Amino acid sequence: SISRSAPPLTRRRAGGMSTATLATLAIPRSLRACLAAKHRSAAGRRLRPALVASAEMPSSGGGGGARQPLDAVRAIETASDGQRSDLAVVLVTPQIPGNTGTIARTCAAARVPLHLVGPLGFDLTDAQLKRAGLDYWNSVCVRVHDDWDAFHAYWRDVLGSPGRLVAFSKFGARPHAEEGAYKSGDWLLFGAETTGLPGEAHDACAASGGIRRIPIDETHVRSLNLAVSAGVGVYEALRQIDGPPAHDETTDGNAGRRADAPGTW
């Protein structure tokens, strides 16, 4: 029930109030906890098993971070049908669950598969991770790798090096929006929020598709947020791979656009 100490407005029936009005009301702590638990329960029912690359393989690298047991990995749903095959996003040892959830949302919007390379700084059942990408996990294909060696072996040996590895780093020598920077089949790699890409990942990308830098003025900030960087990189890569949208005034305006390009123009 509503606390007696709440303002009179909070004791009125909510039927005639707008959502904006309700959002400003003081909600008792017990009710907030109840709603949060119900929300988490409903969210969990919408998540189905993930496609796991190496969840049962022992890690070949050191370092801390959460190791993901199979039951935790299964909390993420895969949606391989309808995903693009000419671009992929790889997060190497991400540390902040909200960033990973936001990037999953971007990948769902662009229909780009997402790879997570451990050790992760959070568990895949983390509430912040689910909240950031709550309604989008069912639209992004997620594959989890224990560590960099497991991912690189999967990319090189299992898939046969299907495309270039392109890294994003503040230490990159080439601008991210340079024409010709991206090709069909590229894998876009982003490092941890605190430490960036590990040395072996940096070297692998330097020998493959190169290191790209998103320009920033470092007078006041050291780097961009990881989720922002991933969004900038994904959509610049799509722009170059797909080309500009073609408009046809005589039809519906979509003539000439790739059939598998995301969204509508």
# chains A, B, ... in the order shown; residues from 1 in each chain; ligands from 1

$ closest_atom_pairs --of "range 126-157 of chain A" --to "range 85-94 of chain A" --cutoff "12 Å" --atoms "only C-alpha atoms" --output "Markdown table"
| residue | atom | partner | partner_atom | distance |
| --- | --- | --- | --- | --- |
| A:Leu129 | CA | A:Pro94 | CA | 11.4 |
| A:Val140 | CA | A:Val89 | CA | 10.9 |
| A:Cys141 | CA | A:Ala88 | CA | 9.9 |
| A:Val142 | CA | A:Val89 | CA | 9.8 |
| A:Arg143 | CA | A:Val90 | CA | 9.4 |
| A:Val144 | CA | A:Val90 | CA | 9.8 |
| A:His145 | CA | A:Val92 | CA | 9.4 |
| A:Asp146 | CA | A:Thr93 | CA | 9.6 |
| A:Asp147 | CA | A:Thr93 | CA | 7.9 |
| A:Trp148 | CA | A:Val92 | CA | 7.4 |
| A:Asp149 | CA | A:Val92 | CA | 11.1 |
| A:Ala150 | CA | A:Val92 | CA | 11.6 |
| A:Phe151 | CA | A:Val92 | CA | 9.4 |
| A:His152 | CA | A:Val90 | CA | 11.0 |
| A:Trp155 | CA | A:Val90 | CA | 11.1 |

$ residues_around --residues "Val228 in chain A" --least-positions-apart "4" --cutoff "12 Å" --atoms "only C-alpha atoms" --output "number ranges by chain"
A: 98-100, 102-103, 105-106, 168, 190, 193, 214, 223-224, 232-235

$ write_last_selection --atoms "C-alpha atoms" --output "mmCIF file, in the first residue's frame"
data_model
loop_
_atom_site.group_PDB
_atom_site.id
_atom_site.type_symbol
_atom_site.label_atom_id
_atom_site.label_comp_id
_atom_site.auth_asym_id
_atom_site.auth_seq_id
_atom_site.Cartn_x
_atom_site.Cartn_y
_atom_site.Cartn_z
ATOM 1 C CA GLY A 98 25.239 -1.947 -19.686
ATOM 2 C CA ASN A 99 27.615 -1.270 -22.569
ATOM 3 C CA THR A 100 27.375 -4.839 -23.829
ATOM 4 C CA THR A 102 23.491 -1.465 -25.577
ATOM 5 C CA ILE A 103 25.806 -2.888 -28.245
ATOM 6 C CA ARG A 105 20.689 -3.549 -29.216
ATOM 7 C CA THR A 106 22.724 -1.893 -31.982
ATOM 8 C CA PHE A 168 39.113 0.118 -33.164
ATOM 9 C CA PHE A 190 36.467 -3.512 -29.719
ATOM 10 C CA GLU A 193 36.486 -0.187 -21.482
ATOM 11 C CA ILE A 214 37.558 7.416 -34.187
ATOM 12 C CA SER A 223 38.144 8.063 -24.945
ATOM 13 C CA LEU A 224 34.641 7.465 -26.226
ATOM 14 C CA VAL A 232 29.894 4.568 -34.930
ATOM 15 C CA GLY A 233 31.995 1.715 -36.298
ATOM 16 C CA VAL A 234 29.084 -0.544 -37.246
ATOM 17 C CA TYR A 235 27.161 2.062 -39.175
#

$ closest_residue --among "A:Ala237, A:Ala230, A:Leu197, A:Ala132" --to "Gly185 in chain A" --atoms "only C-alpha atoms"
A:Ala237

$ select_by_dssp --residues "range 67-245 of chain A" --states "strand (DSSP E or B)" --output "ChimeraX atom specification"
/A:87-92,114-117,120,142-145,165-168,174-175,186-190,192,196,211-213

$ atom_distance --atom1 "CA of Gln95 in chain A" --atom2 "CA of Val166 in chain A"
20.4 Å

$ atom_distance --atom1 "CA of Ala108 in chain A" --atom2 "CA of Trp137 in chain A"
7.5 Å

$ atom_distance --atom1 "CA of Ala201 in chain A" --atom2 "CA of Asp217 in chain A"
25.6 Å

$ select_by_dssp --residues "range 74-252 of chain A" --states "alpha helix (DSSP H)" --output "ChimeraX atom specification"
/A:97-110,127-132,148-153,199-206,226-242

$ closest_residue --among "A:Leu159, A:Ile241, A:Ala127, A:Ile216" --to "Pro175 in chain A" --atoms "only C-alpha atoms"
A:Ile216

$ residues_around --residues "Ala206 in chain A" --least-positions-apart "3" --cutoff "12 Å" --atoms "only C-alpha atoms" --output "JSON, numbers by chain"
{"A": [164, 165, 166, 167, 168, 169, 171, 172, 173, 174, 189, 197, 199, 200, 201, 202, 203, 209, 210, 211, 212]}

$ write_last_selection --atoms "N, CA, C and O atoms" --output "mmCIF file, in the first residue's frame"
data_model
loop_
_atom_site.group_PDB
_atom_site.id
_atom_site.type_symbol
_atom_site.label_atom_id
_atom_site.label_comp_id
_atom_site.auth_asym_id
_atom_site.auth_seq_id
_atom_site.Cartn_x
_atom_site.Cartn_y
_atom_site.Cartn_z
ATOM 1 N N ARG A 164 38.452 -10.122 -42.738
ATOM 2 C CA ARG A 164 39.518 -9.396 -42.054
ATOM 3 C C ARG A 164 39.120 -9.059 -40.613
ATOM 4 O O ARG A 164 37.937 -8.866 -40.322
ATOM 5 N N LEU A 165 40.101 -8.981 -39.752
ATOM 6 C CA LEU A 165 39.895 -8.499 -38.385
ATOM 7 C C LEU A 165 40.274 -7.021 -38.364
ATOM 8 O O LEU A 165 41.422 -6.657 -38.646
ATOM 9 N N VAL A 166 39.307 -6.167 -38.043
ATOM 10 C CA VAL A 166 39.520 -4.715 -38.036
ATOM 11 C C VAL A 166 39.310 -4.209 -36.617
ATOM 12 O O VAL A 166 38.221 -4.343 -36.054
ATOM 13 N N ALA A 167 40.352 -3.637 -36.035
ATOM 14 C CA ALA A 167 40.283 -3.170 -34.654
ATOM 15 C C ALA A 167 39.963 -1.687 -34.592
ATOM 16 O O ALA A 167 40.269 -0.921 -35.509
ATOM 17 N N PHE A 168 39.347 -1.291 -33.465
ATOM 18 C CA PHE A 168 39.113 0.118 -33.164
ATOM 19 C C PHE A 168 39.897 0.450 -31.899
ATOM 20 O O PHE A 168 39.739 -0.201 -30.871
ATOM 21 N N SER A 169 40.736 1.472 -31.999
ATOM 22 C CA SER A 169 41.579 1.843 -30.876
ATOM 23 C C SER A 169 41.952 3.313 -30.976
ATOM 24 O O SER A 169 42.106 3.854 -32.079
ATOM 25 N N PHE A 171 44.673 4.360 -30.425
ATOM 26 C CA PHE A 171 46.050 4.366 -30.918
ATOM 27 C C PHE A 171 46.134 3.990 -32.396
ATOM 28 O O PHE A 171 47.224 3.813 -32.924
ATOM 29 N N GLY A 172 44.971 3.856 -33.043
ATOM 30 C CA GLY A 172 44.962 3.516 -34.459
ATOM 31 C C GLY A 172 45.582 4.610 -35.314
ATOM 32 O O GLY A 172 45.499 5.805 -34.992
ATOM 33 N N ALA A 173 46.179 4.207 -36.416
ATOM 34 C CA ALA A 173 46.865 5.166 -37.285
ATOM 35 C C ALA A 173 45.958 5.715 -38.378
ATOM 36 O O ALA A 173 46.245 6.777 -38.942
ATOM 37 N N ARG A 174 44.879 5.030 -38.699
ATOM 38 C CA ARG A 174 44.022 5.435 -39.811
ATOM 39 C C ARG A 174 42.635 5.829 -39.287
ATOM 40 O O ARG A 174 42.110 5.208 -38.361
ATOM 41 N N LEU A 189 36.454 -5.344 -34.168
ATOM 42 C CA LEU A 189 36.857 -5.696 -32.810
ATOM 43 C C LEU A 189 36.970 -4.461 -31.927
ATOM 44 O O LEU A 189 37.559 -3.454 -32.332
ATOM 45 N N LEU A 197 42.145 -3.296 -26.321
ATOM 46 C CA LEU A 197 42.406 -4.630 -26.842
ATOM 47 C C LEU A 197 43.696 -5.202 -26.261
ATOM 48 O O LEU A 197 44.683 -4.475 -26.094
ATOM 49 N N GLY A 199 47.261 -7.268 -26.333
ATOM 50 C CA GLY A 199 48.316 -7.181 -27.328
ATOM 51 C C GLY A 199 48.162 -8.159 -28.478
ATOM 52 O O GLY A 199 48.357 -7.800 -29.647
ATOM 53 N N GLU A 200 47.775 -9.399 -28.171
ATOM 54 C CA GLU A 200 47.655 -10.397 -29.227
ATOM 55 C C GLU A 200 46.523 -10.072 -30.198
ATOM 56 O O GLU A 200 46.631 -10.324 -31.397
ATOM 57 N N ALA A 201 45.449 -9.497 -29.692
ATOM 58 C CA ALA A 201 44.352 -9.094 -30.559
ATOM 59 C C ALA A 201 44.771 -7.907 -31.435
ATOM 60 O O ALA A 201 44.452 -7.849 -32.629
ATOM 61 N N HIS A 202 45.457 -6.972 -30.826
ATOM 62 C CA HIS A 202 45.950 -5.805 -31.563
ATOM 63 C C HIS A 202 46.870 -6.249 -32.701
ATOM 64 O O HIS A 202 46.753 -5.782 -33.840
ATOM 65 N N ASP A 203 47.771 -7.178 -32.409
ATOM 66 C CA ASP A 203 48.711 -7.653 -33.423
ATOM 67 C C ASP A 203 47.995 -8.403 -34.548
ATOM 68 O O ASP A 203 48.348 -8.255 -35.728
ATOM 69 N N GLY A 209 43.131 -6.562 -41.020
ATOM 70 C CA GLY A 209 42.396 -5.431 -41.591
ATOM 71 C C GLY A 209 42.830 -4.075 -41.089
ATOM 72 O O GLY A 209 42.313 -3.054 -41.544
ATOM 73 N N GLY A 210 43.760 -4.046 -40.120
ATOM 74 C CA GLY A 210 44.276 -2.773 -39.646
ATOM 75 C C GLY A 210 43.606 -2.268 -38.381
ATOM 76 O O GLY A 210 42.666 -2.866 -37.849
ATOM 77 N N ILE A 211 44.104 -1.127 -37.897
ATOM 78 C CA ILE A 211 43.618 -0.498 -36.669
ATOM 79 C C ILE A 211 43.004 0.852 -37.042
ATOM 80 O O ILE A 211 43.673 1.698 -37.641
ATOM 81 N N ARG A 212 41.765 1.068 -36.666
ATOM 82 C CA ARG A 212 41.053 2.298 -36.993
ATOM 83 C C ARG A 212 40.849 3.135 -35.736
ATOM 84 O O ARG A 212 40.670 2.598 -34.646
#

$ closest_residue --among "A:His176, A:Ile96, A:Ala110, A:Ser184" --to "Gly243 in chain A" --atoms "only C-alpha atoms"
A:Ser184

$ decode --residues "range 212-228 of chain A" --atoms "all heavy atoms" --output "PDB file, in the first residue's frame"
ATOM      1  N   ARG A 212      41.765   1.068 -36.666  1.00  0.00           N
ATOM      2  CA  ARG A 212      41.053   2.298 -36.993  1.00  0.00           C
ATOM      3  C   ARG A 212      40.849   3.135 -35.736  1.00  0.00           C
ATOM      4  O   ARG A 212      40.670   2.598 -34.646  1.00  0.00           O
ATOM      5  CB  ARG A 212      39.699   1.977 -37.636  1.00  0.00           C
ATOM      6  CG  ARG A 212      39.830   1.288 -38.990  1.00  0.00           C
ATOM      7  CD  ARG A 212      40.333   2.247 -40.045  1.00  0.00           C
ATOM      8  NE  ARG A 212      40.807   1.565 -41.253  1.00  0.00           N
ATOM      9  CZ  ARG A 212      41.235   2.206 -42.338  1.00  0.00           C
ATOM     10  NH1 ARG A 212      41.234   3.541 -42.348  1.00  0.00           N
ATOM     11  NH2 ARG A 212      41.664   1.532 -43.381  1.00  0.00           N
ATOM     12  N   ARG A 213      40.870   4.447 -35.918  1.00  0.00           N
ATOM     13  CA  ARG A 213      40.707   5.372 -34.803  1.00  0.00           C
ATOM     14  C   ARG A 213      39.549   6.317 -35.075  1.00  0.00           C
ATOM     15  O   ARG A 213      39.468   6.919 -36.154  1.00  0.00           O
ATOM     16  CB  ARG A 213      41.992   6.184 -34.589  1.00  0.00           C
ATOM     17  CG  ARG A 213      41.929   7.135 -33.405  1.00  0.00           C
ATOM     18  CD  ARG A 213      43.231   7.917 -33.260  1.00  0.00           C
ATOM     19  NE  ARG A 213      43.299   8.662 -32.005  1.00  0.00           N
ATOM     20  CZ  ARG A 213      42.783   9.871 -31.825  1.00  0.00           C
ATOM     21  NH1 ARG A 213      42.170  10.481 -32.842  1.00  0.00           N
ATOM     22  NH2 ARG A 213      42.874  10.469 -30.645  1.00  0.00           N
ATOM     23  N   ILE A 214      38.638   6.429 -34.109  1.00  0.00           N
ATOM     24  CA  ILE A 214      37.558   7.416 -34.187  1.00  0.00           C
ATOM     25  C   ILE A 214      38.106   8.702 -33.588  1.00  0.00           C
ATOM     26  O   ILE A 214      38.485   8.729 -32.409  1.00  0.00           O
ATOM     27  CB  ILE A 214      36.323   6.941 -33.419  1.00  0.00           C
ATOM     28  CG1 ILE A 214      35.812   5.619 -33.984  1.00  0.00           C
ATOM     29  CG2 ILE A 214      35.217   8.000 -33.471  1.00  0.00           C
ATOM     30  CD1 ILE A 214      34.691   4.991 -33.179  1.00  0.00           C
ATOM     31  N   PRO A 215      38.187   9.776 -34.353  1.00  0.00           N
ATOM     32  CA  PRO A 215      38.840  10.998 -33.847  1.00  0.00           C
ATOM     33  C   PRO A 215      38.054  11.641 -32.710  1.00  0.00           C
ATOM     34  O   PRO A 215      36.827  11.732 -32.755  1.00  0.00           O
ATOM     35  CB  PRO A 215      38.887  11.901 -35.081  1.00  0.00           C
ATOM     36  CG  PRO A 215      37.772  11.410 -35.951  1.00  0.00           C
ATOM     37  CD  PRO A 215      37.691   9.934 -35.730  1.00  0.00           C
ATOM     38  N   ILE A 216      38.763  12.077 -31.692  1.00  0.00           N
ATOM     39  CA  ILE A 216      38.165  12.798 -30.565  1.00  0.00           C
ATOM     40  C   ILE A 216      39.126  13.901 -30.132  1.00  0.00           C
ATOM     41  O   ILE A 216      40.329  13.836 -30.388  1.00  0.00           O
ATOM     42  CB  ILE A 216      37.866  11.870 -29.360  1.00  0.00           C
ATOM     43  CG1 ILE A 216      39.168  11.254 -28.830  1.00  0.00           C
ATOM     44  CG2 ILE A 216      36.853  10.803 -29.710  1.00  0.00           C
ATOM     45  CD1 ILE A 216      38.999  10.483 -27.545  1.00  0.00           C
ATOM     46  N   ASP A 217      38.573  14.896 -29.494  1.00  0.00           N
ATOM     47  CA  ASP A 217      39.375  15.955 -28.881  1.00  0.00           C
ATOM     48  C   ASP A 217      39.664  15.507 -27.449  1.00  0.00           C
ATOM     49  O   ASP A 217      38.754  15.415 -26.618  1.00  0.00           O
ATOM     50  CB  ASP A 217      38.595  17.270 -28.888  1.00  0.00           C
ATOM     51  CG  ASP A 217      39.405  18.432 -28.336  1.00  0.00           C
ATOM     52  OD1 ASP A 217      40.422  18.183 -27.644  1.00  0.00           O
ATOM     53  OD2 ASP A 217      39.017  19.587 -28.573  1.00  0.00           O
ATOM     54  N   GLU A 218      40.910  15.213 -27.146  1.00  0.00           N
ATOM     55  CA  GLU A 218      41.268  14.653 -25.850  1.00  0.00           C
ATOM     56  C   GLU A 218      41.543  15.721 -24.793  1.00  0.00           C
ATOM     57  O   GLU A 218      42.097  15.412 -23.730  1.00  0.00           O
ATOM     58  CB  GLU A 218      42.475  13.734 -25.996  1.00  0.00           C
ATOM     59  CG  GLU A 218      42.197  12.526 -26.870  1.00  0.00           C
ATOM     60  CD  GLU A 218      43.332  11.518 -26.839  1.00  0.00           C
ATOM     61  OE1 GLU A 218      43.818  11.206 -25.731  1.00  0.00           O
ATOM     62  OE2 GLU A 218      43.736  11.051 -27.916  1.00  0.00           O
ATOM     63  N   THR A 219      41.121  16.956 -25.081  1.00  0.00           N
ATOM     64  CA  THR A 219      41.311  18.011 -24.073  1.00  0.00           C
ATOM     65  C   THR A 219      40.545  17.698 -22.788  1.00  0.00           C
ATOM     66  O   THR A 219      41.033  17.948 -21.683  1.00  0.00           O
ATOM     67  CB  THR A 219      40.846  19.366 -24.629  1.00  0.00           C
ATOM     68  OG1 THR A 219      41.566  19.657 -25.822  1.00  0.00           O
ATOM     69  CG2 THR A 219      41.069  20.477 -23.616  1.00  0.00           C
ATOM     70  N   HIS A 220      39.329  17.140 -22.955  1.00  0.00           N
ATOM     71  CA  HIS A 220      38.468  16.915 -21.802  1.00  0.00           C
ATOM     72  C   HIS A 220      38.129  15.445 -21.569  1.00  0.00           C
ATOM     73  O   HIS A 220      37.677  15.089 -20.480  1.00  0.00           O
ATOM     74  CB  HIS A 220      37.163  17.705 -21.958  1.00  0.00           C
ATOM     75  CG  HIS A 220      37.382  19.177 -22.149  1.00  0.00           C
ATOM     76  ND1 HIS A 220      37.868  19.985 -21.159  1.00  0.00           N
ATOM     77  CD2 HIS A 220      37.190  19.977 -23.231  1.00  0.00           C
ATOM     78  CE1 HIS A 220      37.958  21.228 -21.601  1.00  0.00           C
ATOM     79  NE2 HIS A 220      37.557  21.249 -22.853  1.00  0.00           N
ATOM     80  N   VAL A 221      38.319  14.593 -22.561  1.00  0.00           N
ATOM     81  CA  VAL A 221      37.997  13.171 -22.405  1.00  0.00           C
ATOM     82  C   VAL A 221      39.149  12.325 -22.943  1.00  0.00           C
ATOM     83  O   VAL A 221      39.864  12.742 -23.855  1.00  0.00           O
ATOM     84  CB  VAL A 221      36.692  12.796 -23.151  1.00  0.00           C
ATOM     85  CG1 VAL A 221      35.508  13.535 -22.574  1.00  0.00           C
ATOM     86  CG2 VAL A 221      36.811  13.063 -24.648  1.00  0.00           C
ATOM     87  N   ARG A 222      39.301  11.142 -22.370  1.00  0.00           N
ATOM     88  CA  ARG A 222      40.369  10.239 -22.813  1.00  0.00           C
ATOM     89  C   ARG A 222      39.924   9.329 -23.939  1.00  0.00           C
ATOM     90  O   ARG A 222      40.722   8.915 -24.763  1.00  0.00           O
ATOM     91  CB  ARG A 222      40.861   9.398 -21.633  1.00  0.00           C
ATOM     92  CG  ARG A 222      41.579  10.193 -20.553  1.00  0.00           C
ATOM     93  CD  ARG A 222      42.245   9.259 -19.558  1.00  0.00           C
ATOM     94  NE  ARG A 222      41.276   8.390 -18.910  1.00  0.00           N
ATOM     95  CZ  ARG A 222      40.639   8.696 -17.783  1.00  0.00           C
ATOM     96  NH1 ARG A 222      40.859   9.867 -17.202  1.00  0.00           N
ATOM     97  NH2 ARG A 222      39.788   7.860 -17.239  1.00  0.00           N
ATOM     98  N   SER A 223      38.632   9.009 -23.941  1.00  0.00           N
ATOM     99  CA  SER A 223      38.144   8.063 -24.945  1.00  0.00           C
ATOM    100  C   SER A 223      36.634   8.161 -25.035  1.00  0.00           C
ATOM    101  O   SER A 223      35.980   8.752 -24.176  1.00  0.00           O
ATOM    102  CB  SER A 223      38.552   6.628 -24.574  1.00  0.00           C
ATOM    103  OG  SER A 223      37.953   6.251 -23.341  1.00  0.00           O
ATOM    104  N   LEU A 224      36.083   7.557 -26.075  1.00  0.00           N
ATOM    105  CA  LEU A 224      34.641   7.465 -26.226  1.00  0.00           C
ATOM    106  C   LEU A 224      34.114   6.270 -25.442  1.00  0.00           C
ATOM    107  O   LEU A 224      34.843   5.312 -25.172  1.00  0.00           O
ATOM    108  CB  LEU A 224      34.258   7.297 -27.703  1.00  0.00           C
ATOM    109  CG  LEU A 224      34.445   8.503 -28.623  1.00  0.00           C
ATOM    110  CD1 LEU A 224      34.124   8.106 -30.056  1.00  0.00           C
ATOM    111  CD2 LEU A 224      33.555   9.661 -28.184  1.00  0.00           C
ATOM    112  N   ASN A 225      32.839   6.319 -25.102  1.00  0.00           N
ATOM    113  CA  ASN A 225      32.180   5.176 -24.498  1.00  0.00           C
ATOM    114  C   ASN A 225      32.205   4.004 -25.476  1.00  0.00           C
ATOM    115  O   ASN A 225      32.086   4.183 -26.688  1.00  0.00           O
ATOM    116  CB  ASN A 225      30.735   5.556 -24.150  1.00  0.00           C
ATOM    117  CG  ASN A 225      29.930   4.378 -23.669  1.00  0.00           C
ATOM    118  OD1 ASN A 225      29.287   3.705 -24.463  1.00  0.00           O
ATOM    119  ND2 ASN A 225      29.963   4.118 -22.382  1.00  0.00           N
ATOM    120  N   LEU A 226      32.372   2.787 -24.956  1.00  0.00           N
ATOM    121  CA  LEU A 226      32.476   1.604 -25.808  1.00  0.00           C
ATOM    122  C   LEU A 226      31.251   1.419 -26.694  1.00  0.00           C
ATOM    123  O   LEU A 226      31.370   1.114 -27.886  1.00  0.00           O
ATOM    124  CB  LEU A 226      32.684   0.359 -24.937  1.00  0.00           C
ATOM    125  CG  LEU A 226      32.721  -0.980 -25.678  1.00  0.00           C
ATOM    126  CD1 LEU A 226      33.882  -1.026 -26.661  1.00  0.00           C
ATOM    127  CD2 LEU A 226      32.818  -2.136 -24.684  1.00  0.00           C
ATOM    128  N   ALA A 227      30.060   1.602 -26.128  1.00  0.00           N
ATOM    129  CA  ALA A 227      28.838   1.411 -26.908  1.00  0.00           C
ATOM    130  C   ALA A 227      28.727   2.454 -28.021  1.00  0.00           C
ATOM    131  O   ALA A 227      28.258   2.160 -29.125  1.00  0.00           O
ATOM    132  CB  ALA A 227      27.617   1.475 -25.995  1.00  0.00           C
ATOM    133  N   VAL A 228      29.158   3.689 -27.731  1.00  0.00           N
ATOM    134  CA  VAL A 228      29.156   4.730 -28.766  1.00  0.00           C
ATOM    135  C   VAL A 228      30.127   4.369 -29.875  1.00  0.00           C
ATOM    136  O   VAL A 228      29.805   4.472 -31.067  1.00  0.00           O
ATOM    137  CB  VAL A 228      29.515   6.092 -28.147  1.00  0.00           C
ATOM    138  CG1 VAL A 228      29.714   7.142 -29.239  1.00  0.00           C
ATOM    139  CG2 VAL A 228      28.426   6.541 -27.180  1.00  0.00           C
TER     140      VAL A 228
END
